[in-house]
$ cat input-v3.cif   # mmCIF, C-alpha atoms
data_input
#
loop_
_atom_site.label_atom_id
_atom_site.label_comp_id
_atom_site.auth_asym_id
_atom_site.auth_seq_id
_atom_site.Cartn_x
_atom_site.Cartn_y
_atom_site.Cartn_z
CA MET U 1 -5.87 -5.20 -57.48
CA ALA U 2 -5.00 -8.71 -56.38
CA GLU U 3 -2.28 -7.26 -54.19
CA ALA U 4 -4.72 -4.88 -52.51
CA GLU U 5 -7.07 -7.78 -51.84
CA THR U 6 -4.24 -9.82 -50.31
CA ASP U 7 -3.30 -6.89 -48.10
CA ALA U 8 -6.88 -6.41 -47.00
CA ARG U 9 -7.20 -10.10 -46.17
CA ARG U 10 -3.95 -10.03 -44.21
CA LEU U 11 -5.10 -6.98 -42.25
CA ALA U 12 -8.41 -8.64 -41.47
CA THR U 13 -6.68 -11.81 -40.25
CA ASP U 14 -4.30 -9.72 -38.20
CA ALA U 15 -7.15 -7.79 -36.56
CA ARG U 16 -9.05 -11.01 -35.82
CA ASP U 17 -5.96 -12.61 -34.23
CA ARG U 18 -5.34 -9.54 -32.15
CA VAL U 19 -8.92 -9.36 -30.89
CA ARG U 20 -8.82 -13.04 -29.98
CA PHE U 21 -5.51 -12.57 -28.19
CA GLU U 22 -6.82 -9.59 -26.22
CA GLU U 23 -9.94 -11.46 -25.19
CA GLU U 24 -7.95 -14.45 -23.99
CA VAL U 25 -5.59 -12.20 -22.06
CA LEU U 26 -8.48 -10.37 -20.40
CA GLU U 27 -10.03 -13.67 -19.31
CA LEU U 28 -6.89 -14.28 -17.26
CA ALA U 29 -7.11 -10.93 -15.44
CA ASP U 30 -8.36 -12.35 -12.12
CA GLN U 31 -5.51 -14.83 -11.97
CA VAL U 32 -2.97 -12.17 -12.90
CA TYR U 33 -4.33 -9.87 -10.22
CA ARG U 34 -4.18 -12.58 -7.53
CA VAL U 35 -0.51 -13.18 -8.23
CA ALA U 36 0.29 -9.46 -8.50
CA ARG U 37 -1.47 -8.75 -5.22
CA ARG U 38 0.86 -11.11 -3.36
CA LEU U 39 4.03 -9.98 -5.11
CA VAL U 40 3.63 -6.40 -3.92
CA SER U 41 2.53 -4.98 -0.61
CA SER U 42 -0.50 -2.84 -1.41
CA ARG U 43 -3.66 -3.02 -3.46
CA GLU U 44 -2.73 0.18 -5.28
CA GLU U 45 0.67 -1.18 -6.30
CA ALA U 46 -0.93 -4.40 -7.51
CA GLU U 47 -3.45 -2.47 -9.61
CA ASP U 48 -0.67 -0.37 -11.18
CA LEU U 49 1.38 -3.46 -11.87
CA VAL U 50 -1.54 -5.26 -13.52
CA GLN U 51 -2.31 -2.23 -15.69
CA GLU U 52 1.31 -1.95 -16.79
CA THR U 53 1.36 -5.67 -17.51
CA TYR U 54 -1.74 -5.43 -19.69
CA ALA U 55 -0.54 -2.32 -21.49
CA ARG U 56 2.70 -4.09 -22.35
CA ALA U 57 0.96 -7.35 -23.26
CA PHE U 58 -1.38 -5.58 -25.67
CA ARG U 59 1.52 -3.68 -27.21
CA SER U 60 3.68 -6.76 -27.67
CA TRP U 61 0.99 -9.23 -28.69
CA ARG U 62 2.99 -10.26 -31.74
CA SER U 63 5.75 -11.64 -29.57
CA TYR U 64 3.33 -14.23 -28.14
CA THR U 65 3.41 -17.52 -30.02
CA PRO U 66 -0.16 -18.87 -30.34
CA GLY U 67 -0.57 -22.29 -28.76
CA THR U 68 2.06 -21.69 -26.08
CA ASN U 69 1.29 -20.99 -22.43
CA LEU U 70 -0.39 -17.57 -22.41
CA ARG U 71 -0.71 -17.44 -18.63
CA ALA U 72 3.04 -18.04 -18.20
CA TRP U 73 3.78 -15.46 -20.92
CA LEU U 74 1.72 -12.85 -19.04
CA MET U 75 3.28 -13.72 -15.69
CA ARG U 76 6.71 -13.28 -17.18
CA ILE U 77 5.78 -9.73 -18.19
CA LEU U 78 4.36 -9.14 -14.73
CA THR U 79 7.39 -10.43 -12.83
CA ASN U 80 9.83 -8.56 -15.10
CA LEU U 81 7.92 -5.32 -14.64
CA ASN U 82 7.86 -5.88 -10.92
CA ILE U 83 11.65 -6.23 -10.91
CA ASP U 84 12.01 -3.18 -13.19
CA ARG U 85 9.95 -1.10 -10.82
CA GLY U 86 12.77 -1.48 -8.35
CA ARG U 87 10.14 -2.89 -6.05
CA ARG U 88 10.43 -3.72 -2.42
CA GLU U 89 13.32 -3.43 -0.12
CA GLN U 90 15.58 -6.40 0.36
CA ARG U 91 15.19 -8.12 3.63
CA THR U 92 17.65 -10.58 5.06
CA PRO U 93 15.94 -13.88 5.81
CA ASP U 94 15.79 -14.88 9.41
CA MET U 95 17.99 -17.94 9.54
CA GLN U 96 16.68 -19.36 12.77
CA PRO U 97 13.65 -21.33 11.51
CA MET U 98 15.68 -22.64 8.58
CA GLU U 99 17.40 -25.17 10.75
CA GLU U 100 14.14 -26.61 12.00
CA GLY U 101 12.97 -28.58 9.00
CA ASP U 102 9.67 -28.72 7.16
CA TYR U 103 7.72 -30.05 10.12
CA PHE U 104 8.75 -27.12 12.28
CA LEU U 105 5.41 -25.30 12.28
CA TYR U 106 3.36 -28.42 12.93
CA ASN U 107 5.61 -29.37 15.81
CA ARG U 108 5.36 -25.85 17.22
CA LEU U 109 1.55 -25.79 16.99
CA GLU U 110 1.27 -29.28 18.37
CA GLU U 111 3.47 -28.40 21.36
CA THR U 112 1.32 -25.40 22.23
CA SER U 113 -2.07 -26.95 21.54
CA GLY U 114 -2.60 -28.96 24.68
CA THR U 115 -4.48 -31.79 23.06
CA PRO U 116 -3.39 -31.88 19.44
CA ASP U 117 -6.39 -31.93 17.16
CA ASP U 118 -5.17 -32.99 13.77
CA GLU U 119 -8.24 -31.61 12.01
CA ARG U 120 -8.17 -28.17 13.53
CA ILE U 121 -4.54 -27.43 14.16
CA VAL U 122 -4.17 -25.30 11.03
CA GLU U 123 -7.17 -23.21 12.01
CA ARG U 124 -5.17 -21.72 14.85
CA LEU U 125 -3.58 -19.54 12.20
CA SER U 126 -5.61 -16.50 11.29
CA GLN U 127 -5.97 -15.58 7.63
CA ASP U 128 -4.53 -12.14 8.35
CA SER U 129 -1.47 -13.69 9.92
CA ILE U 130 -0.93 -15.80 6.80
CA VAL U 131 -1.13 -12.79 4.49
CA GLU U 132 1.25 -10.87 6.73
CA ALA U 133 3.66 -13.79 7.05
CA LEU U 134 3.80 -14.17 3.27
CA SER U 135 4.51 -10.47 2.83
CA ASN U 136 7.46 -10.86 5.20
CA VAL U 137 9.08 -13.55 3.04
CA PRO U 138 11.95 -12.00 1.02
CA HIS U 139 10.92 -11.36 -2.56
CA ASP U 140 12.92 -14.01 -4.43
CA PHE U 141 11.44 -16.71 -2.23
CA ARG U 142 8.00 -15.15 -2.20
CA ASP U 143 7.88 -14.97 -6.01
CA ALA U 144 8.42 -18.72 -6.20
CA ILE U 145 5.75 -19.43 -3.56
CA VAL U 146 3.23 -17.09 -5.16
CA LEU U 147 3.69 -18.59 -8.64
CA VAL U 148 3.51 -22.22 -7.51
CA ASP U 149 1.08 -22.09 -4.58
CA ILE U 150 -1.23 -19.29 -5.66
CA GLY U 151 -0.67 -19.17 -9.43
CA ASP U 152 -0.70 -22.98 -9.80
CA PHE U 153 2.37 -23.02 -12.02
CA SER U 154 4.62 -26.06 -12.24
CA TYR U 155 8.25 -25.79 -11.19
CA GLN U 156 9.21 -25.73 -14.88
CA GLU U 157 6.78 -22.93 -15.70
CA ALA U 158 7.88 -20.88 -12.68
CA ALA U 159 11.50 -21.35 -13.75
CA GLN U 160 10.67 -20.03 -17.22
CA ILE U 161 8.68 -17.10 -15.86
CA LEU U 162 11.43 -16.01 -13.49
CA ASP U 163 14.17 -16.99 -15.94
CA VAL U 164 16.09 -19.11 -13.45
CA PRO U 165 17.01 -22.81 -13.48
CA ILE U 166 14.42 -25.24 -12.14
CA GLY U 167 16.77 -26.15 -9.29
CA THR U 168 16.68 -22.53 -8.17
CA ILE U 169 12.88 -22.61 -8.06
CA MET U 170 12.99 -25.77 -5.97
CA SER U 171 15.47 -24.35 -3.51
CA ARG U 172 13.63 -21.00 -3.29
CA LEU U 173 10.36 -22.80 -2.66
CA HIS U 174 11.91 -25.01 -0.06
CA ARG U 175 13.56 -22.14 1.74
CA GLY U 176 10.67 -19.75 1.22
CA ARG U 177 8.13 -22.14 2.69
CA ARG U 178 10.32 -22.68 5.70
CA ILE U 179 10.64 -18.92 6.17
CA LEU U 180 6.86 -18.61 5.80
CA LYS U 181 6.32 -21.27 8.45
CA GLY U 182 8.87 -19.59 10.69
CA GLU U 183 6.95 -16.32 10.36
CA LEU U 184 3.67 -18.10 11.13
CA ALA U 185 5.21 -19.75 14.18
CA GLU U 186 6.33 -16.33 15.37
CA SER U 187 2.83 -14.95 14.92
CA VAL U 188 1.40 -17.82 16.99
CA ALA U 189 4.03 -17.23 19.68
CA GLY U 190 3.18 -13.52 19.62
CA GLU U 191 -0.50 -14.22 20.20
CA GLU U 192 0.28 -16.39 23.19
CA GLN U 193 2.27 -13.71 24.97
CA MET Y 1 2.86 -41.30 17.81
CA THR Y 2 5.52 -43.26 15.99
CA ALA Y 3 9.05 -42.37 17.00
CA PHE Y 4 10.93 -40.23 14.50
CA GLU Y 5 13.05 -42.52 12.36
CA PRO Y 6 15.83 -41.75 9.86
CA ILE Y 7 13.49 -42.76 7.04
CA CYS Y 8 11.14 -39.94 8.11
CA GLU Y 9 13.85 -37.43 7.21
CA LYS Y 10 13.69 -38.73 3.65
CA CYS Y 11 9.90 -38.56 3.74
CA GLU Y 12 10.07 -35.00 4.99
CA GLU Y 13 12.19 -34.10 1.97
CA LEU Y 14 9.61 -35.64 -0.34
CA ILE Y 15 6.50 -34.08 1.16
CA GLN Y 16 6.69 -30.65 -0.48
CA PRO Y 17 7.39 -31.92 -4.03
CA TYR Y 18 4.78 -34.64 -3.41
CA LEU Y 19 2.18 -31.97 -2.64
CA ASP Y 20 3.35 -30.07 -5.72
CA ARG Y 21 2.92 -33.25 -7.80
CA GLU Y 22 6.50 -32.92 -8.92
CA LEU Y 23 7.91 -36.29 -7.82
CA SER Y 24 9.00 -38.99 -10.22
CA GLU Y 25 6.86 -42.12 -10.27
CA ALA Y 26 9.41 -44.03 -8.19
CA GLU Y 27 9.64 -41.24 -5.61
CA ARG Y 28 5.86 -40.91 -5.44
CA ILE Y 29 5.50 -44.62 -4.70
CA GLU Y 30 8.23 -44.36 -2.08
CA ALA Y 31 6.54 -41.36 -0.42
CA GLU Y 32 3.06 -42.94 -0.45
CA GLY Y 33 4.43 -46.23 0.88
CA HIS Y 34 6.05 -44.45 3.78
CA LEU Y 35 3.07 -42.19 4.50
CA ALA Y 36 0.73 -45.18 4.59
CA GLY Y 37 2.70 -46.80 7.38
CA CYS Y 38 3.98 -43.88 9.41
CA GLY Y 39 1.63 -41.98 11.71
CA TYR Y 40 4.27 -39.36 12.46
CA CYS Y 41 4.68 -38.35 8.83
CA SER Y 42 1.06 -38.82 7.76
CA GLU Y 43 -0.16 -36.41 10.47
CA ARG Y 44 2.34 -33.86 9.26
CA TYR Y 45 1.51 -34.51 5.64
CA ARG Y 46 -2.16 -33.77 6.35
CA PHE Y 47 -1.14 -30.60 8.12
CA GLU Y 48 1.09 -29.45 5.25
CA SER Y 49 -1.68 -30.17 2.78
CA ARG Y 50 -4.22 -28.19 4.81
CA LEU Y 51 -1.75 -25.39 5.30
CA ARG Y 52 -1.33 -25.09 1.52
CA THR Y 53 -5.09 -24.84 1.06
CA TYR Y 54 -5.35 -22.39 3.91
CA VAL Y 55 -2.55 -20.14 2.56
CA ARG Y 56 -4.19 -20.20 -0.83
CA GLN Y 57 -7.59 -19.26 0.58
CA ALA Y 58 -6.15 -16.49 2.72
CA CYS Y 59 -4.21 -15.02 -0.19
CA CYS Y 60 -6.94 -15.22 -2.81
CA GLN Y 61 -9.72 -13.54 -0.88
CA GLU Y 62 -9.27 -10.11 -2.32
CA GLU Y 63 -10.98 -9.86 -5.68
CA MET Y 64 -9.95 -7.53 -8.43
CA SER Y 65 -12.10 -4.40 -8.52
CA PRO Y 66 -14.58 -3.93 -11.40
CA GLU Y 67 -12.93 -0.54 -12.02
CA LEU Y 68 -9.60 -2.19 -12.71
CA LYS Y 69 -11.26 -4.69 -15.03
CA ALA Y 70 -12.82 -1.82 -16.94
CA LYS Y 71 -9.47 -0.03 -17.15
CA LEU Y 72 -7.82 -3.14 -18.55
CA SER Y 73 -10.45 -3.43 -21.25
CA MET Y 74 -9.84 0.18 -22.18
CA LEU Y 75 -6.16 -0.59 -22.74
CA ARG Y 76 -7.12 -2.75 -25.73
CA THR Y 77 -6.04 -1.52 -29.12
CA PRO Y 78 -8.85 0.37 -30.86
CA LEU Y 79 -10.10 -1.63 -33.83
CA SER Y 80 -9.50 1.26 -36.23
CA ASP Y 81 -5.73 1.11 -35.61
#
$ encode --input "input-v3.cif" --output "structure tokens"
Amino acid sequence: MAEAETDARRLATDARDRVRFEEEVLELADQVYRVARRLVSSREEAEDLVQETYARAFRSWRSYTPGTNLRAWLMRILTNLNIDRGRREQRTPDMQPMEEGDYFLYNRLEETSGTPDDERIVERLSQDSIVEALSNVPHDFRDAIVLVDIGDFSYQEAAQILDVPIGTIMSRLHRGRRILKGELAESVAGEEQ
Amino acid sequence: MTAFEPICEKCEELIQPYLDRELSEAERIEAEGHLAGCGYCSERYRFESRLRTYVRQACCQEEMSPELKAKLSMLRTPLSD
């Protein structure tokens, strides 16, 4: 009798923990979607990826340790699934802008602006061109940018999510942002022609 | 505009981790000290900062559909399980 009561209590605690976990995970859905949307190229793919992520998260809820970073735990599922899906074709980074340094895009915009207006110079870039430029960044670099710049993860968290050393995150970010700026500079040059 | 100096190369290296709030205290003080006195780098710092915000805005415009939200809720484990 006492054993049955203990079992019932354990089951009730288990169910309560699971419901709480699922609610917390669902509250993060918008953030998960935002990251997913920039890791893949279409809305449909992002929706599939988010659904797969949630299905797996709900199934493996016991592997989450309460009190640890739930958002990072979810993103790790998401990024692993994205890799498993055999996603996206590899693209060789364009090396040319890499030699230019971090100020490359500013210098390019300033050169072509006539009178440089510090306040408005960034507004010469259209939002569509930014989305397109990001999608042209090769995936390893883009993953790092998306996690840090859109997902608001620290270098350490991004390293854990992608299962790479923190130095790799730093170099991918550095290189990825330069590639992004190179792509943006190309889009500005394209508009001027 | 201030002429580009060797020290600006160091500042350029620090700008991205500075914006990411990932510098050590000593590096942060070094970066801020340089930015405060160098028009060349501070203009570019402001640009990089705005660019970050701009990229973020551009990439976060598309909201998740209510249908997907509903589908995610349906993936929850039924309570009777």
$ resolve_selection --input "input-v3.cif" --expression "the PyMOL selection byres ((chain U) within 8 of (chain Y))" --output "list in words"
Ala15, Glu22, Leu26, Ala29, Asp30, Tyr33, Arg34, Arg38, Glu47, Gln51, Tyr54, Ala55, Phe58, Asp102, Tyr103, Tyr106, Asp118, Ile121, Val122, Gln127, Asp128, Ile130, Val131, Asp149, Ile150, Ser154, Tyr155 and His174 of chain U
$ closest_residue --input "input-v3.cif" --among "U:Glu5, U:Trp61, U:Glu45, U:Gly190" --to "Val19 of chain U" --atoms "all atoms listed in the file"
U:Trp61
$ residues_around --input "input-v3.cif" --residues "Asp143 of chain U" --least-positions-apart "4" --cutoff "8 Å" --atoms "only C-alpha atoms" --output "list in words"
Leu39, His139 and Leu147 of chain U
$ atom_distance --input "input-v3.cif" --atom1 "atom CA of Arg178 of chain U" --atom2 "atom CA of Ile29 of chain Y"
24.8 Å
$ residues_near_point --input "input-v3.cif" --point "(4.7, -11.7, -16.8)" --cutoff "10 Å" --atoms "all atoms listed in the file" --output "MDAnalysis selection string"
chainID U and resid 32 36 50 53:54 56:57 70:82 161:162
$ atom_distance --input "input-v3.cif" --atom1 "atom CA of Glu27 of chain Y" --atom2 "atom CA of Thr168 of chain U"
20.2 Å
$ atom_distance --input "input-v3.cif" --atom1 "atom CA of Val146 of chain U" --atom2 "atom CA of Glu110 of chain U"
26.6 Å
$ closest_residue --input "input-v3.cif" --among "U:Leu125, U:Ala46, U:Gly167, U:Val35" --to "Ile145 of chain U" --atoms "only C-alpha atoms"
U:Val35
$ residues_near_point --input "input-v3.cif" --point "(7.9, -14.6, 9.3)" --cutoff "8 Å" --atoms "only C-alpha atoms" --output "list in words"
Asp94, Ala133, Leu134, Asn136, Val137, Ile179, Leu180, Lys181, Gly182, Glu183, Leu184, Ala185, Glu186 and Ser187 of chain U
$ closest_residue --input "input-v3.cif" --among "U:Asp152, U:Asp7, U:Arg175, U:Arg16" --to "Leu19 of chain Y" --atoms "only C-alpha atoms"
U:Asp152
$ axis_aligned_box --input "input-v3.cif" --around "segment 50-57 of chain Y" --padding-each-side "3 Å" --output "AutoDock Vina command-line options"
--center_x -4.5 --center_y -23.7 --center_z 2.2 --size_x 12.3 --size_y 14.9 --size_z 12.1
$ decode --input "input-v3.cif" --residues "segment 48-78 of chain Y" --atoms "N, CA and C atoms" --output "short mmCIF file (atom, residue, chain, number, x, y, z; two decimals), in the first residue's frame"
data_model
loop_
_atom_site.label_atom_id
_atom_site.label_comp_id
_atom_site.auth_asym_id
_atom_site.auth_seq_id
_atom_site.Cartn_x
_atom_site.Cartn_y
_atom_site.Cartn_z
N GLU Y 48 29.54 50.13 -36.80
CA GLU Y 48 29.47 48.69 -36.52
C GLU Y 48 28.32 48.40 -35.55
N SER Y 49 28.16 49.27 -34.57
CA SER Y 49 27.10 49.09 -33.59
C SER Y 49 25.73 49.20 -34.26
N ARG Y 50 25.58 50.22 -35.13
CA ARG Y 50 24.30 50.37 -35.83
C ARG Y 50 24.05 49.21 -36.79
N LEU Y 51 25.13 48.77 -37.41
CA LEU Y 51 24.98 47.66 -38.35
C LEU Y 51 24.46 46.41 -37.63
N ARG Y 52 24.98 46.17 -36.44
CA ARG Y 52 24.51 45.02 -35.64
C ARG Y 52 23.00 45.11 -35.41
N THR Y 53 22.59 46.31 -34.96
CA THR Y 53 21.16 46.51 -34.67
C THR Y 53 20.34 46.32 -35.93
N TYR Y 54 20.87 46.85 -37.01
CA TYR Y 54 20.16 46.82 -38.29
C TYR Y 54 20.01 45.38 -38.81
N VAL Y 55 21.10 44.60 -38.68
CA VAL Y 55 21.08 43.19 -39.11
C VAL Y 55 20.04 42.44 -38.27
N ARG Y 56 20.07 42.72 -37.00
CA ARG Y 56 19.16 42.06 -36.08
C ARG Y 56 17.69 42.38 -36.42
N GLN Y 57 17.44 43.67 -36.69
CA GLN Y 57 16.07 44.06 -37.04
C GLN Y 57 15.64 43.39 -38.34
N ALA Y 58 16.54 43.42 -39.32
CA ALA Y 58 16.20 42.88 -40.64
C ALA Y 58 15.91 41.38 -40.54
N CYS Y 59 16.64 40.70 -39.67
CA CYS Y 59 16.53 39.24 -39.60
C CYS Y 59 15.47 38.76 -38.63
N CYS Y 60 14.90 39.64 -37.87
CA CYS Y 60 13.91 39.20 -36.87
C CYS Y 60 12.52 39.70 -37.22
N GLN Y 61 12.35 40.17 -38.45
CA GLN Y 61 11.05 40.75 -38.81
C GLN Y 61 9.96 39.70 -38.94
N GLU Y 62 10.37 38.54 -39.45
CA GLU Y 62 9.37 37.53 -39.77
C GLU Y 62 8.97 36.78 -38.51
N GLU Y 63 7.71 36.93 -38.15
CA GLU Y 63 7.23 36.26 -36.93
C GLU Y 63 6.83 34.82 -37.24
N MET Y 64 6.84 34.03 -36.20
CA MET Y 64 6.39 32.65 -36.34
C MET Y 64 4.87 32.65 -36.54
N SER Y 65 4.38 31.76 -37.40
CA SER Y 65 2.94 31.77 -37.67
C SER Y 65 2.17 31.16 -36.48
N PRO Y 66 0.93 31.62 -36.26
CA PRO Y 66 0.12 31.04 -35.18
C PRO Y 66 -0.13 29.55 -35.41
N GLU Y 67 -0.17 29.15 -36.71
CA GLU Y 67 -0.39 27.72 -37.01
C GLU Y 67 0.76 26.88 -36.48
N LEU Y 68 1.99 27.40 -36.66
CA LEU Y 68 3.13 26.63 -36.17
C LEU Y 68 3.11 26.55 -34.64
N LYS Y 69 2.75 27.66 -34.03
CA LYS Y 69 2.65 27.65 -32.56
C LYS Y 69 1.67 26.59 -32.09
N ALA Y 70 0.54 26.53 -32.78
CA ALA Y 70 -0.48 25.55 -32.41
C ALA Y 70 0.05 24.13 -32.61
N LYS Y 71 0.78 23.93 -33.71
CA LYS Y 71 1.34 22.59 -33.98
C LYS Y 71 2.32 22.19 -32.89
N LEU Y 72 3.12 23.14 -32.44
CA LEU Y 72 4.10 22.83 -31.39
C LEU Y 72 3.39 22.41 -30.10
N SER Y 73 2.32 23.11 -29.78
CA SER Y 73 1.58 22.76 -28.57
C SER Y 73 1.01 21.36 -28.67
N MET Y 74 0.62 20.99 -29.89
CA MET Y 74 0.04 19.66 -30.07
C MET Y 74 1.08 18.55 -29.95
N LEU Y 75 2.35 18.92 -30.06
CA LEU Y 75 3.41 17.91 -29.92
C LEU Y 75 3.64 17.52 -28.47
N ARG Y 76 3.04 18.27 -27.56
CA ARG Y 76 3.22 17.97 -26.12
C ARG Y 76 2.70 16.57 -25.81
N THR Y 77 3.30 15.99 -24.80
CA THR Y 77 2.89 14.64 -24.39
C THR Y 77 1.50 14.71 -23.76
N PRO Y 78 0.56 13.86 -24.20
CA PRO Y 78 -0.75 13.88 -23.56
C PRO Y 78 -0.61 13.54 -22.08
#
